[in-house]
$ cat protein_17.tsv   # TSV, C-alpha atoms
chain	number	residue	atom	x	y	z
Q	1	MET	CA	0.00	0.00	0.00
Q	2	PHE	CA	2.72	2.45	1.01
Q	3	ALA	CA	4.82	1.49	-2.00
Q	4	THR	CA	1.86	2.30	-4.27
Q	5	MET	CA	1.40	5.66	-2.57
Q	6	LEU	CA	5.07	6.45	-3.05
Q	7	LYS	CA	4.87	5.65	-6.76
Q	8	ILE	CA	1.83	7.89	-7.12
Q	9	PHE	CA	3.67	10.75	-5.39
Q	10	ALA	CA	6.66	10.16	-7.65
Q	11	ILE	CA	4.52	10.41	-10.77
Q	12	ILE	CA	2.88	13.59	-9.50
Q	13	ALA	CA	6.24	15.10	-8.64
Q	14	ALA	CA	7.66	14.16	-12.03
Q	15	LEU	CA	4.71	15.76	-13.77
Q	16	SER	CA	5.28	18.89	-11.66
Q	17	GLY	CA	8.73	19.32	-13.16
Q	18	HIS	CA	10.97	18.38	-10.22
Q	19	ILE	CA	14.08	16.80	-11.67
Q	20	SER	CA	16.36	16.64	-8.65
Q	21	GLY	CA	16.53	13.27	-6.86
Q	22	VAL	CA	16.83	11.49	-3.49
Q	23	THR	CA	19.98	9.43	-3.03
Q	24	VAL	CA	19.93	6.51	-0.59
Q	25	THR	CA	23.02	4.63	0.53
Q	26	ALA	CA	23.56	1.59	2.75
Q	27	PRO	CA	27.10	1.31	4.15
Q	28	GLN	CA	26.66	-2.42	4.82
Q	29	SER	CA	25.10	-4.81	2.33
Q	30	THR	CA	25.19	-7.72	4.78
Q	31	VAL	CA	24.70	-7.86	8.53
Q	32	ASN	CA	25.25	-10.84	10.83
Q	33	VAL	CA	23.79	-10.94	14.30
Q	34	THR	CA	23.57	-13.69	16.90
Q	35	VAL	CA	20.16	-14.99	18.00
Q	36	GLY	CA	18.61	-12.80	20.66
Q	37	GLY	CA	20.86	-9.85	19.80
Q	38	ASN	CA	20.12	-6.46	18.24
Q	39	ALA	CA	20.64	-5.69	14.56
Q	40	THR	CA	21.39	-2.14	13.41
Q	41	LEU	CA	20.58	-1.57	9.72
Q	42	LEU	CA	22.32	1.55	8.45
Q	43	CYS	CA	20.66	3.72	5.80
Q	44	THR	CA	21.39	7.32	4.86
Q	45	TYR	CA	19.91	9.69	2.28
Q	46	THR	CA	20.31	13.09	0.72
Q	47	THR	CA	17.65	15.31	-0.81
Q	48	THR	CA	17.37	18.85	-2.12
Q	49	GLY	CA	13.67	19.17	-1.58
Q	50	SER	CA	11.67	20.14	1.48
Q	51	MET	CA	11.56	17.64	4.36
Q	52	ASN	CA	7.91	18.27	5.16
Q	53	SER	CA	6.60	15.51	2.87
Q	54	LEU	CA	9.49	13.03	3.32
Q	55	PHE	CA	8.65	9.31	3.70
Q	56	ILE	CA	10.90	6.60	5.19
Q	57	GLN	CA	9.85	2.99	4.79
Q	58	TRP	CA	11.50	-0.33	5.67
Q	59	SER	CA	10.29	-3.62	4.14
Q	60	PHE	CA	11.17	-7.23	5.01
Q	61	TYR	CA	11.34	-10.16	2.64
Q	62	SER	CA	12.21	-13.72	3.67
Q	63	ALA	CA	12.41	-17.01	1.80
Q	64	ASN	CA	9.13	-18.08	3.43
Q	65	GLU	CA	7.20	-15.11	2.06
Q	66	LYS	CA	6.14	-14.39	-1.50
Q	67	GLN	CA	6.29	-10.60	-1.28
Q	68	PRO	CA	7.87	-7.92	0.92
Q	69	ASN	CA	5.98	-6.72	3.98
Q	70	THR	CA	6.21	-3.21	5.41
Q	71	ILE	CA	7.62	-3.33	8.95
Q	72	TYR	CA	8.41	0.36	9.61
Q	73	TYR	CA	7.08	3.67	8.34
Q	74	PHE	CA	8.07	7.23	9.30
Q	75	GLN	CA	6.53	10.58	8.32
Q	76	ASN	CA	6.22	14.01	9.95
Q	77	GLY	CA	7.90	12.86	13.13
Q	78	GLN	CA	5.59	9.85	13.58
Q	79	ALA	CA	6.89	6.27	13.44
Q	80	TYR	CA	4.78	3.15	12.90
Q	81	GLU	CA	5.76	-0.53	13.35
Q	82	TYR	CA	3.94	-3.52	11.90
Q	83	GLY	CA	3.55	-7.28	12.23
Q	84	GLU	CA	6.03	-9.34	14.20
Q	85	PHE	CA	8.35	-6.33	14.44
Q	86	LYS	CA	5.92	-4.22	16.44
Q	87	ASN	CA	7.59	-2.71	19.53
Q	88	ARG	CA	10.94	-4.09	18.37
Q	89	ILE	CA	12.16	-1.30	16.06
Q	90	ASN	CA	13.86	1.89	17.10
Q	91	GLY	CA	14.24	4.37	14.21
Q	92	THR	CA	16.61	7.32	13.90
Q	93	THR	CA	14.90	10.69	13.49
Q	94	ASN	CA	17.93	12.73	12.49
Q	95	GLN	CA	17.75	14.40	9.10
Q	96	GLY	CA	19.54	12.42	6.42
Q	97	ASN	CA	19.53	9.21	8.53
Q	98	ALA	CA	16.96	6.45	7.99
Q	99	SER	CA	18.71	3.73	10.03
Q	100	ILE	CA	16.79	1.38	12.33
Q	101	THR	CA	17.71	-1.02	15.14
Q	102	ILE	CA	15.76	-4.27	15.56
Q	103	SER	CA	15.88	-5.98	18.96
Q	104	ASN	CA	15.70	-9.66	19.92
Q	105	MET	CA	16.57	-11.07	16.52
Q	106	GLN	CA	15.33	-14.61	15.85
Q	107	PRO	CA	16.14	-17.15	13.12
Q	108	SER	CA	12.85	-16.27	11.41
Q	109	ASP	CA	14.14	-12.68	11.01
Q	110	THR	CA	16.77	-13.82	8.53
Q	111	GLY	CA	16.14	-12.24	5.11
Q	112	PHE	CA	16.38	-9.03	3.08
Q	113	TYR	CA	15.52	-5.59	4.49
Q	114	THR	CA	14.90	-2.69	2.09
Q	115	CYS	CA	15.29	0.95	3.07
Q	116	GLU	CA	13.24	3.31	0.90
Q	117	VAL	CA	13.19	7.12	1.14
Q	118	PHE	CA	10.82	9.20	-0.94
Q	119	ASN	CA	10.29	12.95	-1.14
Q	120	PRO	CA	7.42	14.12	-3.43
Q	121	GLN	CA	9.34	17.33	-4.05
Q	122	ASP	CA	12.52	15.44	-4.97
Q	123	SER	CA	11.25	12.47	-6.94
Q	124	ASN	CA	14.14	11.40	-9.16
Q	125	GLY	CA	17.24	9.45	-8.18
Q	126	ARG	CA	18.02	6.15	-6.50
Q	127	ASN	CA	15.74	6.09	-3.47
Q	128	GLN	CA	16.15	2.56	-2.00
Q	129	LYS	CA	18.79	0.09	-0.80
Q	130	SER	CA	18.64	-3.49	0.52
Q	131	VAL	CA	20.53	-5.18	3.34
Q	132	ALA	CA	20.88	-8.96	3.77
Q	133	VAL	CA	20.58	-9.98	7.42
Q	134	SER	CA	21.59	-13.37	8.82
Q	135	VAL	CA	20.71	-14.40	12.36
Q	136	LEU	CA	23.52	-16.66	13.51
Q	137	VAL	CA	22.57	-19.71	15.56
Q	138	LYS	CA	24.73	-22.42	17.06
Q	139	PRO	CA	23.84	-25.87	15.65
Q	140	SER	CA	21.16	-27.56	17.69
Q	141	GLN	CA	21.63	-31.05	19.11
Q	142	PRO	CA	21.88	-33.24	15.99
Q	143	HIS	CA	19.88	-36.41	15.55
Q	144	CYS	CA	21.92	-39.51	14.71
Q	145	SER	CA	20.11	-42.32	12.91
Q	146	LEU	CA	20.96	-45.69	11.42
Q	147	ARG	CA	19.83	-47.01	8.07
Q	148	GLY	CA	20.07	-50.77	7.64
Q	149	THR	CA	20.57	-53.71	9.99
Q	150	PRO	CA	23.69	-53.55	12.20
Q	151	GLU	CA	24.73	-57.11	11.45
Q	152	THR	CA	27.82	-58.37	9.69
Q	153	GLY	CA	27.41	-58.40	5.91
Q	154	HIS	CA	24.44	-55.99	5.87
Q	155	PHE	CA	24.49	-52.61	4.10
Q	156	VAL	CA	24.61	-49.78	6.65
Q	157	SER	CA	24.67	-45.99	6.48
Q	158	LEU	CA	24.58	-43.28	9.15
Q	159	SER	CA	22.85	-39.89	8.98
Q	160	CYS	CA	23.19	-36.76	11.09
Q	161	TYR	CA	21.04	-33.61	11.01
Q	162	SER	CA	20.60	-30.44	13.11
Q	163	GLU	CA	17.27	-28.64	12.83
Q	164	GLU	CA	18.83	-25.25	13.66
Q	165	GLY	CA	22.12	-23.66	12.73
Q	166	MET	CA	23.20	-20.51	10.92
Q	167	PRO	CA	25.46	-20.56	9.01
Q	168	ALA	CA	24.49	-24.04	7.85
Q	169	PRO	CA	26.37	-26.63	9.91
Q	170	ILE	CA	29.18	-28.78	8.55
Q	171	TYR	CA	28.94	-32.43	9.60
Q	172	GLN	CA	31.81	-34.75	10.49
Q	173	TRP	CA	31.62	-38.42	11.53
Q	174	TYR	CA	34.18	-40.00	13.85
Q	175	LYS	CA	34.78	-43.55	15.02
Q	176	VAL	CA	35.20	-43.67	18.79
Q	177	SER	CA	38.08	-45.84	20.00
Q	178	GLY	CA	38.43	-45.23	23.73
Q	179	GLU	CA	39.57	-41.61	24.04
Q	180	THR	CA	40.54	-41.39	20.38
Q	181	LEU	CA	38.33	-40.02	17.60
Q	182	LYS	CA	39.17	-41.24	14.10
Q	183	PRO	CA	37.69	-38.99	11.34
Q	184	MET	CA	35.64	-40.77	8.69
Q	185	THR	CA	36.29	-39.05	5.34
Q	186	GLU	CA	35.36	-41.63	2.71
Q	187	GLN	CA	31.73	-41.82	1.58
Q	188	LEU	CA	30.88	-38.77	3.73
Q	189	ASN	CA	28.72	-35.83	2.65
Q	190	ALA	CA	29.74	-33.00	4.99
Q	191	LYS	CA	26.78	-30.83	3.95
Q	192	THR	CA	24.03	-33.39	4.52
Q	193	GLY	CA	25.67	-35.48	7.25
Q	194	LEU	CA	25.22	-38.79	5.37
Q	195	PHE	CA	27.98	-41.36	5.96
Q	196	ILE	CA	27.84	-44.58	3.91
Q	197	ILE	CA	29.65	-47.53	5.47
Q	198	GLY	CA	28.47	-50.21	3.04
Q	199	ASN	CA	28.53	-53.88	4.00
Q	200	LEU	CA	29.27	-54.01	7.71
Q	201	THR	CA	32.38	-55.91	8.83
Q	202	THR	CA	33.81	-56.73	12.24
Q	203	PHE	CA	36.41	-53.99	11.75
Q	204	GLU	CA	33.67	-51.35	11.42
Q	205	ASN	CA	31.82	-52.34	14.59
Q	206	GLY	CA	31.79	-49.91	17.49
Q	207	TYR	CA	30.60	-46.43	18.44
Q	208	TYR	CA	30.38	-43.49	16.05
Q	209	ARG	CA	30.04	-39.77	16.80
Q	210	CYS	CA	28.69	-37.00	14.55
Q	211	THR	CA	29.64	-33.36	15.12
Q	212	ALA	CA	27.68	-30.47	13.62
Q	213	SER	CA	29.64	-27.20	13.71
Q	214	ASN	CA	29.55	-23.61	12.46
Q	215	SER	CA	31.13	-20.30	13.44
Q	216	LEU	CA	29.15	-20.14	16.69
Q	217	GLY	CA	30.01	-23.58	18.03
Q	218	ASN	CA	29.21	-27.27	17.66
Q	219	SER	CA	26.96	-30.04	18.93
Q	220	SER	CA	27.26	-33.80	18.65
Q	221	CYS	CA	25.48	-37.13	18.99
Q	222	GLU	CA	26.57	-40.78	19.11
Q	223	ILE	CA	25.27	-44.10	17.83
Q	224	ASP	CA	26.14	-47.71	18.67
Q	225	LEU	CA	27.04	-49.78	15.63
Q	226	THR	CA	27.98	-53.05	17.30
Q	227	ALA	CA	27.04	-56.03	15.13
Q	228	ALA	CA	25.91	-58.04	18.15
Q	229	HIS	CA	23.98	-55.09	19.40
Q	230	SER	CA	20.94	-55.91	17.34
Q	231	GLU	CA	20.77	-59.60	18.33
Q	232	GLY	CA	21.70	-58.86	21.93
Q	233	GLY	CA	19.10	-56.13	21.99
Q	234	LEU	CA	16.44	-58.51	20.74
Q	235	ILE	CA	17.39	-61.14	23.32
Q	236	ALA	CA	17.49	-58.59	26.09
Q	237	GLY	CA	14.19	-57.13	24.97
Q	238	ALA	CA	12.56	-60.58	24.87
Q	239	LEU	CA	13.96	-61.41	28.32
Q	240	ILE	CA	12.75	-58.15	29.79
Q	241	GLY	CA	9.35	-58.65	28.19
Q	242	ALA	CA	9.09	-62.18	29.64
Q	243	ILE	CA	10.06	-60.94	33.09
Q	244	LEU	CA	7.54	-58.12	32.95
Q	245	GLY	CA	4.86	-60.55	31.77
Q	246	ALA	CA	5.63	-62.93	34.64
Q	247	VAL	CA	5.52	-60.07	37.12
Q	248	VAL	CA	2.13	-58.95	35.80
Q	249	ILE	CA	0.76	-62.50	36.01
Q	250	CYS	CA	2.06	-62.88	39.58
Q	251	ILE	CA	0.43	-59.61	40.58
Q	252	ILE	CA	-2.90	-60.70	39.09
Q	253	VAL	CA	-2.74	-64.12	40.82
Q	254	TRP	CA	-1.78	-62.51	44.12
Q	255	PHE	CA	-4.63	-60.06	43.84
Q	256	LEU	CA	-7.20	-62.76	43.05
Q	257	THR	CA	-5.89	-65.02	45.85
Q	258	LYS	CA	-6.00	-62.18	48.33
Q	259	ARG	CA	-9.54	-61.30	47.34
Q	260	GLU	CA	-10.63	-64.98	47.63
Q	261	LYS	CA	-9.02	-65.31	51.07
Q	262	LYS	CA	-10.69	-62.13	52.19
Q	263	LYS	CA	-14.03	-63.51	51.04
Q	264	GLU	CA	-13.42	-66.79	52.90
Q	265	ARG	CA	-12.51	-64.89	56.07
Q	266	LYS	CA	-15.75	-62.96	55.88
Q	267	GLU	CA	-17.76	-66.17	55.44
Q	268	LYS	CA	-15.97	-67.85	58.36
Q	269	ALA	CA	-16.59	-64.80	60.55
Q	270	ALA	CA	-20.29	-64.87	59.68
Q	271	ASN	CA	-20.51	-68.62	60.42
Q	272	SER	CA	-18.66	-68.15	63.69
Q	273	GLU	CA	-21.18	-65.53	64.79
Q	274	MET	CA	-24.17	-67.77	63.94
Q	275	GLN	CA	-22.76	-71.05	65.38
Q	276	PRO	CA	-22.98	-70.12	69.13
Q	277	MET	CA	-26.61	-69.08	68.70
Q	278	THR	CA	-27.47	-72.36	66.91
Q	279	GLN	CA	-25.72	-74.47	69.51
Q	280	LYS	CA	-27.51	-72.61	72.28
Q	281	GLN	CA	-30.89	-73.21	70.66
Q	282	GLN	CA	-30.11	-76.90	70.13
Q	283	ALA	CA	-29.02	-77.25	73.73
Q	284	ASN	CA	-32.30	-75.73	74.93
Q	285	VAL	CA	-34.28	-78.11	72.73
Q	286	GLU	CA	-32.34	-81.16	73.96
Q	287	TYR	CA	-32.68	-79.98	77.52
Q	288	ALA	CA	-36.43	-79.80	77.05
Q	289	LYS	CA	-36.72	-83.22	75.36
Q	290	ILE	CA	-34.40	-85.29	77.59
Q	291	PRO	CA	-35.42	-85.23	81.25
Q	292	THR	CA	-32.91	-85.78	83.96
Q	293	GLN	CA	-32.98	-88.57	86.57
Q	294	GLU	CA	-34.30	-86.17	89.19
Q	295	ASN	CA	-37.20	-85.24	86.92
Q	296	GLU	CA	-37.96	-88.93	86.31
Q	297	SER	CA	-37.94	-89.70	90.03
Q	298	VAL	CA	-40.10	-86.72	90.80
Q	299	ALA	CA	-42.52	-87.67	88.02
Q	300	THR	CA	-42.69	-91.26	89.40
Q	301	ALA	CA	-43.02	-90.21	93.00
Q	302	THR	CA	-45.57	-87.48	92.49
Q	303	PRO	CA	-48.07	-88.32	89.79
Q	304	SER	CA	-50.47	-85.69	88.73
Q	305	LYS	CA	-53.97	-85.27	90.05
Q	306	GLU	CA	-55.51	-86.44	86.81
Q	307	ALA	CA	-53.43	-89.59	86.90
Q	308	ASN	CA	-54.48	-90.21	90.50
Q	309	ALA	CA	-58.11	-89.72	89.54
Q	310	ASP	CA	-57.75	-92.18	86.67
Q	311	ASN	CA	-56.09	-94.66	88.95
Q	312	GLU	CA	-58.83	-94.29	91.55
Q	313	TYR	CA	-61.52	-94.68	88.91
Q	314	SER	CA	-59.84	-97.77	87.50
Q	315	THR	CA	-59.48	-99.25	91.00
Q	316	ALA	CA	-63.14	-98.69	91.80
Q	317	GLU	CA	-64.21	-100.38	88.63
Q	318	GLU	CA	-61.90	-103.28	89.25
Q	319	MET	CA	-63.25	-103.70	92.74
Q	320	ALA	CA	-66.81	-103.60	91.51
Q	321	ALA	CA	-66.04	-106.19	88.91
Q	322	SER	CA	-64.41	-108.41	91.43
Q	323	GLU	CA	-67.37	-108.18	93.78
Q	324	MET	CA	-69.96	-109.01	91.13
Q	325	PRO	CA	-69.28	-112.79	91.00
Q	326	GLU	CA	-69.53	-113.00	94.75
Q	327	ASN	CA	-72.99	-111.45	94.64
Q	328	ASP	CA	-74.06	-113.94	91.96
Q	329	GLU	CA	-72.85	-116.78	94.08
Q	330	MET	CA	-74.70	-115.44	97.13
Q	331	GLN	CA	-77.91	-115.11	95.12
Q	332	GLY	CA	-77.59	-118.75	94.01
Q	333	VAL	CA	-77.15	-119.90	97.59
Q	334	ASP	CA	-80.18	-117.95	98.70
Q	335	THR	CA	-82.26	-119.56	95.99
Q	336	GLN	CA	-81.27	-123.02	96.95
Q	337	THR	CA	-82.04	-122.34	100.62
Q	338	ARG	CA	-85.51	-121.08	99.82
Q	339	ALA	CA	-86.20	-124.07	97.76

$ encode --input "protein_17.tsv" --output "structure tokens"
Amino acid sequence: MFATMLKIFAIIAALSGHISGVTVTAPQSTVNVTVGGNATLLCTYTTTGSMNSLFIQWSFYSANEKQPNTIYYFQNGQAYEYGEFKNRINGTTNQGNASITISNMQPSDTGFYTCEVFNPQDSNGRNQKSVAVSVLVKPSQPHCSLRGTPETGHFVSLSCYSEEGMPAPIYQWYKVSGETLKPMTEQLNAKTGLFIIGNLTTFENGYYRCTASNSLGNSSCEIDLTAAHSEGGLIAGALIGAILGAVVICIIVWFLTKREKKKERKEKAANSEMQPMTQKQQANVEYAKIPTQENESVATATPSKEANADNEYSTAEEMAASEMPENDEMQGVDTQTRA
């Protein structure tokens, strides 16, 4: 938008007959700054026209963007900042100086910055300059990886890569032999970190280290390339898996056994509480059914009134029956006497 406005002002100024021009210079075409630091982008200009309508604009273009974006704009003593650079730019307000300082530079700030000065009353001339800015970053911890099977006779290659690093890291592989590092130069791509070993032999077994380095420092990683490592790892993994499985099974069995024992204890406790009451009731019943010797003697010695009455009634009847024949005999005697 601002670039379009500047072009319109330039056309108007050209049509007005102004032939003098604005000259912009940038003392440094490239600037390097470490991550987190401040970057000062120098830009100066000269003009013969009035300063009342002067524009200063900075634009940023990175490899991830398709077109430049305005990040700073200055006119009539007022400065404006845009996008991710808001509150990070400090511009110079001195006449003839369009330099800016950007704070807290990050890797994403790497790219091209364009300083553009335009004066509608001084339209002709070279009015812009670009500065290439690189945010320097130490290589991040590289990732070492193995391609192939680490067994004798198998094709093997090693790769190493750091996600961050500016300038781009240079990679170097070493074979670790105790305290000694032997550089691996054959079949090595220092730019990509790919190291091709080929068919693995006993001589090539061991530990390898990759170092990623640039002007700010280096970082490294290691990988174990022992031929027996793969088989031993499988055996160890299977053994550990079997042990863990056995432990899990033991825990499950222990838990189930404990729960079953707890259930049995509860049942025994409930039976123990009910057994005394049942025994007591049975004892009372047996006590009622089985009389003692004293009770038998008392029952024999002291019959009940009803039993006595029955006995008396039976005795009376027996006596009457026994007397009846005697009466019959007496009546027979009396008859014979009368006769």

$ residues_around --input "protein_17.tsv" --residues "Q:Asn87" --least-positions-apart "4" --cutoff "10 Å" --atoms "all atoms listed in the file" --output "list of chain:residue names"
Q:Tyr80, Q:Glu81, Q:Tyr82, Q:Gly83, Q:Ile102, Q:Ser103

$ atom_distance --input "protein_17.tsv" --atom1 "atom CA of Q:Cys210" --atom2 "atom CA of Q:Gln172"
5.6 Å

$ closest_residue --input "protein_17.tsv" --among "Q:Pro139, Q:Gly21, Q:Gly206, Q:Gly111" --to "Q:Tyr45" --atoms "all atoms listed in the file"
Q:Gly21

$ atom_distance --input "protein_17.tsv" --atom1 "atom CA of Q:Ser29" --atom2 "atom CA of Q:Ser108"
19.1 Å

$ residues_around --input "protein_17.tsv" --residues "Q:Asn199" --least-positions-apart "5" --cutoff "8 Å" --atoms "all atoms listed in the file" --output "list in words"
Thr152, Gly153, His154, Phe155 and Val156 of chain Q

$ atom_distance --input "protein_17.tsv" --atom1 "atom CA of Q:Lys138" --atom2 "atom CA of Q:Ser162"
9.8 Å
